[in-house]
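Listing of input37.cif; format and content: mmCIF, C-alpha atoms and all ligand atoms.
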```cif
data_protein
#
loop_
_atom_site.label_atom_id
_atom_site.label_comp_id
_atom_site.auth_asym_id
_atom_site.auth_seq_id
_atom_site.Cartn_x
_atom_site.Cartn_y
_atom_site.Cartn_z
CA MET A 267 77.19 89.61 191.23
CA VAL A 268 76.32 87.10 188.50
CA GLU A 269 73.48 88.71 186.54
CA THR A 270 72.25 85.82 184.34
CA ILE A 271 72.09 82.06 184.89
CA PRO A 272 75.48 80.54 184.03
CA PRO A 273 75.00 78.04 181.16
CA PHE A 274 76.53 74.99 182.89
CA GLY A 275 75.62 74.08 186.47
CA LEU A 276 76.26 71.34 189.00
CA GLY A 277 73.14 69.48 190.13
CA THR A 278 72.81 67.95 193.60
CA PHE A 279 69.66 65.77 193.37
CA ARG A 280 70.14 62.42 195.17
CA VAL A 281 73.52 63.58 196.48
CA GLU A 282 73.58 62.87 200.18
CA ALA A 283 74.56 65.78 202.40
CA ALA A 284 77.80 64.07 203.47
CA LYS A 285 79.08 64.05 199.86
CA THR A 286 77.59 67.35 198.78
CA THR A 287 80.09 69.74 200.37
CA SER A 288 83.13 68.20 198.68
CA ALA A 289 81.28 67.88 195.34
CA VAL A 290 80.32 71.56 195.39
CA LYS A 291 83.79 72.60 196.48
CA SER A 292 85.57 70.63 193.75
CA ALA A 293 83.15 71.80 191.04
CA LEU A 294 83.64 75.44 192.00
CA GLN A 295 87.40 74.99 192.04
CA LEU A 296 87.18 73.47 188.52
CA GLY A 297 85.38 76.56 187.23
CA TYR A 298 81.66 75.82 187.73
CA ARG A 299 79.80 78.95 188.84
CA HIS A 300 76.26 77.60 189.11
CA ILE A 301 75.00 75.17 191.76
CA ASP A 302 71.48 73.74 191.80
CA THR A 303 69.84 72.46 194.98
CA ALA A 304 66.31 72.26 196.43
CA GLN A 305 64.57 72.16 199.77
CA TYR A 306 63.52 68.61 198.85
CA TYR A 307 67.14 67.42 198.45
CA ASN A 308 67.94 67.94 202.15
CA ASN A 309 71.42 69.20 201.31
CA GLU A 310 71.12 73.00 201.30
CA ALA A 311 73.37 73.39 204.37
CA ALA A 312 76.00 71.15 202.77
CA VAL A 313 75.80 73.16 199.52
CA GLY A 314 76.38 76.38 201.47
CA GLN A 315 79.36 74.81 203.22
CA GLY A 316 80.84 73.80 199.84
CA VAL A 317 80.40 77.36 198.55
CA ARG A 318 82.20 78.77 201.60
CA ASP A 319 84.95 76.09 201.51
CA SER A 320 85.68 76.62 197.81
CA GLY A 321 87.50 79.91 198.25
CA VAL A 322 85.64 81.26 195.19
CA PRO A 323 84.17 84.71 195.91
CA ARG A 324 80.49 84.41 196.79
CA ASP A 325 79.56 87.10 194.27
CA ASP A 326 80.96 85.00 191.40
CA ILE A 327 78.58 82.09 192.15
CA TRP A 328 74.94 81.52 191.24
CA VAL A 329 73.02 79.26 193.64
CA THR A 330 69.50 78.07 192.87
CA THR A 331 67.15 76.41 195.33
CA LYS A 332 63.57 75.23 194.85
CA VAL A 333 60.46 75.52 196.98
CA TRP A 334 58.60 72.23 197.38
CA TRP A 335 55.06 72.12 195.98
CA GLU A 336 53.45 71.73 199.41
CA ARG A 337 54.84 75.15 200.43
CA LEU A 338 53.43 77.42 197.74
CA SER A 339 50.93 79.46 199.79
CA ARG A 340 52.11 82.93 200.74
CA ASP A 341 53.21 82.66 204.37
CA VAL A 342 54.45 79.09 204.08
CA LEU A 343 56.58 79.90 201.02
CA VAL A 344 58.20 82.94 202.63
CA ALA A 345 58.89 80.98 205.84
CA SER A 346 60.40 78.12 203.82
CA LEU A 347 62.76 80.52 202.03
CA LYS A 348 63.80 82.01 205.40
CA ASP A 349 64.72 78.45 206.32
CA SER A 350 66.60 77.85 203.02
CA HIS A 351 68.41 81.19 203.47
CA ALA A 352 69.52 80.19 206.98
CA LYS A 353 70.57 76.67 205.92
CA LEU A 354 72.55 77.81 202.88
CA ASP A 355 74.06 80.67 204.90
CA ILE A 356 75.57 82.37 201.84
CA GLY A 357 73.62 85.63 201.94
CA THR A 358 70.93 86.30 199.36
CA ILE A 359 70.01 83.20 197.32
CA ASP A 360 70.44 83.93 193.61
CA LEU A 361 67.35 82.09 192.39
CA ALA A 362 64.34 80.32 193.93
CA LEU A 363 62.13 78.15 191.75
CA VAL A 364 58.63 76.79 192.23
CA HIS A 365 59.79 73.13 192.15
CA TRP A 366 56.49 71.75 190.75
CA PRO A 367 53.28 73.61 189.94
CA SER A 368 50.58 73.42 192.59
CA PRO A 369 48.57 70.28 191.71
CA ASP A 370 45.22 71.21 190.14
CA GLY A 371 46.01 74.88 190.81
CA ALA A 372 45.18 74.42 194.52
CA VAL A 373 47.37 77.44 195.27
CA GLN A 374 46.97 80.13 192.62
CA ILE A 375 50.19 81.06 190.83
CA ALA A 376 49.46 84.75 191.59
CA GLU A 377 49.69 84.00 195.33
CA THR A 378 52.95 82.09 194.89
CA LEU A 379 54.48 84.87 192.81
CA ALA A 380 53.39 87.46 195.39
CA ALA A 381 55.24 85.37 198.01
CA MET A 382 58.35 85.22 195.79
CA GLN A 383 58.24 89.02 195.46
CA GLU A 384 57.96 89.35 199.22
CA ALA A 385 60.97 87.02 199.66
CA ARG A 386 62.89 89.19 197.20
CA LYS A 387 61.94 92.35 199.12
CA LEU A 388 63.15 90.71 202.34
CA GLY A 389 66.54 90.04 200.71
CA LEU A 390 66.13 86.24 200.87
CA ILE A 391 66.37 85.80 197.06
CA ARG A 392 67.45 87.88 194.05
CA HIS A 393 65.43 86.18 191.31
CA TYR A 394 62.60 83.66 190.98
CA GLY A 395 61.39 81.23 188.39
CA VAL A 396 59.53 77.97 187.84
CA SER A 397 60.20 74.30 187.21
CA ASN A 398 58.15 71.56 185.57
CA PHE A 399 55.66 74.09 184.18
CA THR A 400 53.85 73.12 180.97
CA ALA A 401 53.46 75.83 178.30
CA PRO A 402 49.89 76.77 179.39
CA LEU A 403 50.97 76.95 183.05
CA LEU A 404 53.97 79.08 182.11
CA GLU A 405 51.78 81.43 180.06
CA GLU A 406 49.40 81.78 183.00
CA ALA A 407 52.31 82.52 185.34
CA LEU A 408 53.78 85.13 183.00
CA LYS A 409 50.44 86.96 182.91
CA ALA A 410 50.12 87.09 186.73
CA PRO A 411 51.49 90.12 188.61
CA GLY A 412 55.25 89.69 188.93
CA GLY A 413 55.22 87.00 186.23
CA ASP A 414 57.38 89.11 183.92
CA ALA A 415 60.32 88.55 186.31
CA ILE A 416 60.34 84.73 185.85
CA VAL A 417 63.89 83.96 184.69
CA THR A 418 63.73 80.26 183.84
CA ASN A 419 61.57 77.18 183.44
CA GLN A 420 63.58 74.14 184.54
CA PHE A 421 62.41 70.78 183.18
CA GLU A 422 63.61 67.42 181.90
CA VAL A 423 65.44 67.42 178.55
CA SER A 424 67.64 64.61 177.28
CA PRO A 425 68.34 63.07 173.87
CA PHE A 426 65.52 60.61 174.65
CA LEU A 427 63.10 63.38 175.71
CA ALA A 428 63.92 66.35 173.49
CA ASN A 429 60.78 68.08 174.82
CA ARG A 430 60.84 70.19 171.67
CA ALA A 431 57.38 71.78 171.99
CA LEU A 432 57.98 72.93 175.57
CA VAL A 433 61.53 74.13 174.80
CA GLU A 434 60.26 76.17 171.85
CA ALA A 435 57.25 77.56 173.74
CA THR A 436 59.42 78.56 176.72
CA GLN A 437 62.03 80.22 174.53
CA LYS A 438 59.36 82.02 172.48
CA LEU A 439 57.95 83.43 175.71
CA GLY A 440 61.40 84.89 176.45
CA VAL A 441 62.15 82.51 179.34
CA LYS A 442 65.43 80.60 179.60
CA VAL A 443 65.20 76.80 179.50
CA THR A 444 67.20 74.86 182.11
CA ALA A 445 67.53 71.11 181.49
CA TYR A 446 67.60 68.50 184.21
CA MET A 447 68.37 64.75 183.98
CA PRO A 448 70.23 65.38 180.69
CA LEU A 449 71.77 61.91 180.58
CA GLY A 450 68.42 60.09 180.68
CA GLU A 451 69.34 58.45 184.00
CA GLY A 452 72.61 57.08 182.65
CA ARG A 453 71.32 55.86 179.29
CA ALA A 454 73.42 58.38 177.33
CA HIS A 455 76.66 56.62 178.32
CA THR A 456 75.80 53.47 176.40
CA ASP A 457 73.66 54.79 173.56
CA PRO A 458 75.31 53.64 170.27
CA THR A 459 74.61 56.89 168.37
CA LEU A 460 76.01 59.09 171.14
CA ARG A 461 79.01 56.78 171.45
CA GLU A 462 79.68 56.97 167.72
CA ILE A 463 79.52 60.79 167.70
CA ALA A 464 81.69 60.89 170.83
CA GLN A 465 84.31 58.69 169.18
CA LYS A 466 84.39 60.96 166.13
CA HIS A 467 85.21 63.97 168.33
CA GLY A 468 87.45 62.21 170.86
CA ALA A 469 84.80 63.04 173.46
CA THR A 470 82.46 61.15 175.82
CA PRO A 471 78.74 60.51 175.21
CA ALA A 472 77.99 62.76 178.22
CA GLN A 473 79.99 65.60 176.65
CA VAL A 474 78.17 65.11 173.35
CA THR A 475 74.82 65.29 175.16
CA PHE A 476 75.74 68.49 176.99
CA ALA A 477 77.09 70.10 173.77
CA TRP A 478 73.81 69.24 172.02
CA LEU A 479 71.82 70.96 174.80
CA LEU A 480 74.10 74.02 174.77
CA SER A 481 73.65 74.26 170.98
CA ARG A 482 69.89 74.62 171.64
CA ASP A 483 70.55 77.56 174.01
CA ILE A 484 69.58 75.44 177.01
CA VAL A 485 71.23 75.78 180.44
CA VAL A 486 72.64 72.38 181.44
CA LEU A 487 72.56 70.85 184.92
CA SER A 488 74.69 67.81 185.46
CA ALA A 489 75.28 66.10 188.80
CA SER A 490 78.47 64.37 189.80
CA THR A 491 80.36 63.79 193.01
CA ASN A 492 83.37 62.55 191.04
CA ALA A 493 85.90 65.32 190.29
CA GLU A 494 87.07 63.60 187.08
CA HIS A 495 83.50 63.39 185.77
CA GLN A 496 82.92 67.00 186.82
CA LYS A 497 86.01 68.13 184.87
CA SER A 498 85.13 66.12 181.79
CA ASN A 499 81.51 67.34 181.86
CA TRP A 500 82.64 70.96 182.25
CA GLU A 501 84.87 70.62 179.18
CA ALA A 502 81.81 69.81 177.06
CA GLN A 503 81.44 73.58 176.69
CA GLN A 504 84.41 73.48 174.28
CA LEU A 505 82.89 70.77 172.09
CA GLU A 506 81.27 71.88 168.83
CA LEU A 507 78.95 69.48 167.07
CA ASP A 508 78.22 69.68 163.36
CA ALA A 509 74.80 69.69 161.72
CA ASP A 510 75.02 65.96 160.98
CA ASP A 511 75.73 65.14 164.67
CA ILE A 512 72.84 67.32 165.80
CA ALA A 513 70.44 65.70 163.32
CA LYS A 514 71.44 62.24 164.57
CA ILE A 515 70.89 63.24 168.22
CA ASP A 516 67.57 64.91 167.36
CA ALA A 517 66.45 61.57 165.90
CA LEU A 518 66.94 59.82 169.29
CA ASP A 519 63.88 61.56 170.74
CA GLU A 520 61.25 59.06 171.85
CA GLY A 521 59.42 61.20 174.42
CA LYS A 522 60.81 59.02 177.21
CA ARG A 523 60.12 60.84 180.49
CA ASN A 524 61.94 59.75 183.65
CA ALA A 525 60.57 62.34 186.09
CA ASN A 526 56.81 61.90 186.31
CA PRO A 527 55.65 61.80 189.95
CA PRO A 528 51.96 61.51 190.87
CA PHE A 529 51.75 65.28 191.54
CA ALA A 530 53.17 66.19 188.08
CA PRO A 531 51.03 68.37 185.80
CA LYS A 532 49.27 66.87 182.76
CA TRP A 533 52.14 67.05 180.27
N1 LIG B 601 63.50 70.54 188.89
C1 LIG B 601 63.38 69.25 189.04
O1 LIG B 601 62.27 68.71 189.25
C2 LIG B 601 64.60 68.38 188.93
C3 LIG B 601 64.45 66.98 188.79
C4 LIG B 601 65.62 66.22 188.66
C5 LIG B 601 66.85 66.84 188.69
N2 LIG B 601 66.97 68.20 188.86
C6 LIG B 601 68.28 68.89 188.92
O2 LIG B 601 69.03 68.59 187.76
C7 LIG B 601 70.27 68.02 188.14
C8 LIG B 601 70.78 67.10 187.04
O3 LIG B 601 69.99 65.92 186.94
P1 LIG B 601 70.63 64.51 187.35
O4 LIG B 601 71.05 64.55 188.76
O5 LIG B 601 69.71 63.43 186.89
O6 LIG B 601 71.97 64.62 186.49
P2 LIG B 601 72.72 63.73 185.46
O7 LIG B 601 73.97 64.49 185.23
O8 LIG B 601 71.87 63.40 184.27
O9 LIG B 601 72.99 62.36 186.23
C9 LIG B 601 73.76 62.28 187.38
C10 LIG B 601 74.39 60.91 187.46
O10 LIG B 601 75.23 60.75 186.32
C11 LIG B 601 76.53 60.35 186.73
N3 LIG B 601 77.50 61.04 185.88
C12 LIG B 601 77.59 62.38 185.65
N4 LIG B 601 78.59 62.65 184.80
C13 LIG B 601 79.15 61.46 184.47
C14 LIG B 601 80.22 61.09 183.63
N5 LIG B 601 80.91 62.01 182.96
N6 LIG B 601 80.51 59.77 183.53
C15 LIG B 601 79.82 58.84 184.21
N7 LIG B 601 78.80 59.12 185.02
C16 LIG B 601 78.45 60.43 185.16
C17 LIG B 601 76.68 60.76 188.16
O11 LIG B 601 77.51 59.83 188.86
P3 LIG B 601 78.92 60.28 189.53
O12 LIG B 601 78.56 61.10 190.75
O13 LIG B 601 79.55 58.98 189.84
O14 LIG B 601 79.66 61.08 188.49
C18 LIG B 601 75.24 60.70 188.67
O15 LIG B 601 74.94 59.41 189.14
C19 LIG B 601 69.95 67.35 189.48
O16 LIG B 601 71.09 66.98 190.20
C20 LIG B 601 69.11 68.42 190.11
O17 LIG B 601 69.94 69.46 190.62
C21 LIG B 601 65.84 68.96 188.96
#
```

What does the file become when written as structure tokens?
Amino acid sequence: MVETIPPFGLGTFRVEAAKTTSAVKSALQLGYRHIDTAQYYNNEAAVGQGVRDSGVPRDDIWVTTKVWWERLSRDVLVASLKDSHAKLDIGTIDLALVHWPSPDGAVQIAETLAAMQEARKLGLIRHYGVSNFTAPLLEEALKAPGGDAIVTNQFEVSPFLANRALVEATQKLGVKVTAYMPLGEGRAHTDPTLREIAQKHGATPAQVTFAWLLSRDIVVLSASTNAEHQKSNWEAQQLELDADDIAKIDALDEGKRNANPPFAPKW
């Protein structure tokens, strides 16, 4: 059993079900041990198939899913995780996240966490956590019964949205940060600073971005259906940046948020 979130995971947002199984299978065969999906992505069954097809022992893999924000009341949440559990069909799900906080606190976080604990008792999930929680929302969640078991807060971090205050607040509260959309929706590939640092190390701008996140003790999620990209991204874990590189990447922050749907919290 994997006991803590592996630091480098494969994302599956916007990956259609037909391509998901082979993407998951190839990533696992390359060495990835962490796969991120969500009820909203409509590809949980295909993720489960990729896990089974990979030949990698189930117990060596960490699979995260997320409960959509319209399903956060007690009975609805538990029923939705029964559905995720059946679709994934890989036994107990390693981690379930609250995908977005309940808008305007319509469903109290205490109720949602009680439902997560019930799902854990039923053997549907092993761990739970949150996503897109601001620091005040995370603090509120941690104080609610069962809040001390929250293992991660997953939110957007890229060189263009360093999200420093939320990263620091989350880490100070003892919760692991998981970064999504690390490449700033493709912008990292062409950014001149990242390209220059990449050239210096014989690396790619994507690898430089991932190494920068790992240096901040942040779990990285990167999505790719292309086995060559998957391999190259995975190898970023071997890249070590120096203080000068990190300072240059830190200076790229412009607070540029890509994920900001109408139901997002007040950042
Ligand atoms: N909690 C949330 O609200 C939330 C929101 C958004 C995302 N997420 C999670 O975080 C994951 C990561 O975010 P993301 O999907 O935006 O990931 P990303 O890794 O920043 O971007 C994925 C895109 O980058 C391309 N790509 C990846 N590596 C590449 C490389 N080495 N060279 C060229 N192109 C490359 C992929 O194309 P190819 O397939 O062609 O390689 C794909 O189109 C998601 O998949 C999802 O699991 C969570």

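With only C-alpha atoms taken into account, the protein and nucleic acid residues at most 10 Å from A:Arg482 (excluding it and anything under 2 positions from it in its own chain) are A:Val433, A:Glu434, A:Val443, A:Ala477, A:Trp478, A:Leu479, A:Leu480, A:Ile484, A:Val485, A:Ile512.
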
Since we have the selection now, will you write its residues out, keeping C-alpha atoms, as an mmCIF file, in the frame of the given file?
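Okay, result.cif is ready:
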```cif
data_model
loop_
_atom_site.group_PDB
_atom_site.id
_atom_site.type_symbol
_atom_site.label_atom_id
_atom_site.label_comp_id
_atom_site.auth_asym_id
_atom_site.auth_seq_id
_atom_site.Cartn_x
_atom_site.Cartn_y
_atom_site.Cartn_z
ATOM 1 C CA VAL A 433 61.530 74.130 174.800
ATOM 2 C CA GLU A 434 60.260 76.170 171.850
ATOM 3 C CA VAL A 443 65.200 76.800 179.500
ATOM 4 C CA ALA A 477 77.090 70.100 173.770
ATOM 5 C CA TRP A 478 73.810 69.240 172.020
ATOM 6 C CA LEU A 479 71.820 70.960 174.800
ATOM 7 C CA LEU A 480 74.100 74.020 174.770
ATOM 8 C CA ILE A 484 69.580 75.440 177.010
ATOM 9 C CA VAL A 485 71.230 75.780 180.440
ATOM 10 C CA ILE A 512 72.840 67.320 165.800
#
```

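The space separating atom CA of A:Asp370 from atom CA of A:Gly412 comes to 21.1 Å.
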
Could the centre and edge lengths of an axis-aligned box, enclosing all atoms of stretch 365-373 of chain A in the file with 6 Å extra on each side, be given in Å to one decimal as lines of an AutoDock Vina configuration file?
```
center_x = 52.5
center_y = 73.9
center_z = 192.6
size_x = 26.6
size_y = 19.2
size_z = 17.3
```

8 Å from ligand LIG 601 (chain B) is the threshold here; counting all atoms listed in the file, which polymer residues fall inside it? Answer as a VMD selection string. chain A and resid 276 to 281 301 to 304 332 365 to 366 397 to 398 420 to 422 445 to 452 455 470 472 to 473 486 to 496 498 to 499 525

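Using all atoms listed in the file, the nearest neighbour of A:Pro273 within the list A:Phe529, A:Tyr394, A:Trp328, A:Trp334 is A:Trp328.
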
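As for atom CA of A:Lys353 and atom CA of A:Asn309, they are spaced 8.8 Å apart.
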
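The interatomic distance for the pair atom CA of A:Ala385 and atom CA of A:Leu347 works out to 7.1 Å.
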
Shortest interatomic distance to A:Pro458 - which of A:Ile391, A:Leu379, A:Val342, A:Leu518, counting all atoms listed in the file: A:Leu518

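Minimum distance to A:Lys532 across A:Gly275, A:Pro425, A:Pro471, A:Pro367 (counting all atoms listed in the file) occurs at A:Pro367.
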
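Of the residues under consideration (A:Ser288, A:Gln383, A:Ser368, A:Gln504), A:Gln383 shows the shortest atom-to-atom contact distance to A:Ile416 when counting all atoms listed in the file.
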
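Proximity of A:His467, A:His393, A:His351, A:Arg430 to A:Glu310, computed with all atoms listed in the file, is greatest for A:His351.
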
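If you measure from each of A:Ala431, A:Ala502, A:Val396, A:Ala415 to A:Leu338 using only C-alpha atoms, the closest one turns out to be A:Val396.
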
So that I can see what lies close to A:Leu390, please list as a PDB file with C-alpha atoms, in the frame of the given file the residues with an atom at most 9 Å from it, counting only C-alpha atoms and leaving out residues fewer than 4 positions away in the same chain.
```
ATOM      1  CA  VAL A 344      58.200  82.940 202.630  1.00  0.00           C
ATOM      2  CA  LEU A 347      62.760  80.520 202.030  1.00  0.00           C
ATOM      3  CA  LYS A 348      63.800  82.010 205.400  1.00  0.00           C
ATOM      4  CA  SER A 350      66.600  77.850 203.020  1.00  0.00           C
ATOM      5  CA  HIS A 351      68.410  81.190 203.470  1.00  0.00           C
ATOM      6  CA  GLY A 357      73.620  85.630 201.940  1.00  0.00           C
ATOM      7  CA  THR A 358      70.930  86.300 199.360  1.00  0.00           C
ATOM      8  CA  ILE A 359      70.010  83.200 197.320  1.00  0.00           C
ATOM      9  CA  ASP A 360      70.440  83.930 193.610  1.00  0.00           C
ATOM     10  CA  GLU A 384      57.960  89.350 199.220  1.00  0.00           C
ATOM     11  CA  ALA A 385      60.970  87.020 199.660  1.00  0.00           C
ATOM     12  CA  ARG A 386      62.890  89.190 197.200  1.00  0.00           C
TER      13      ARG A 386
END
```
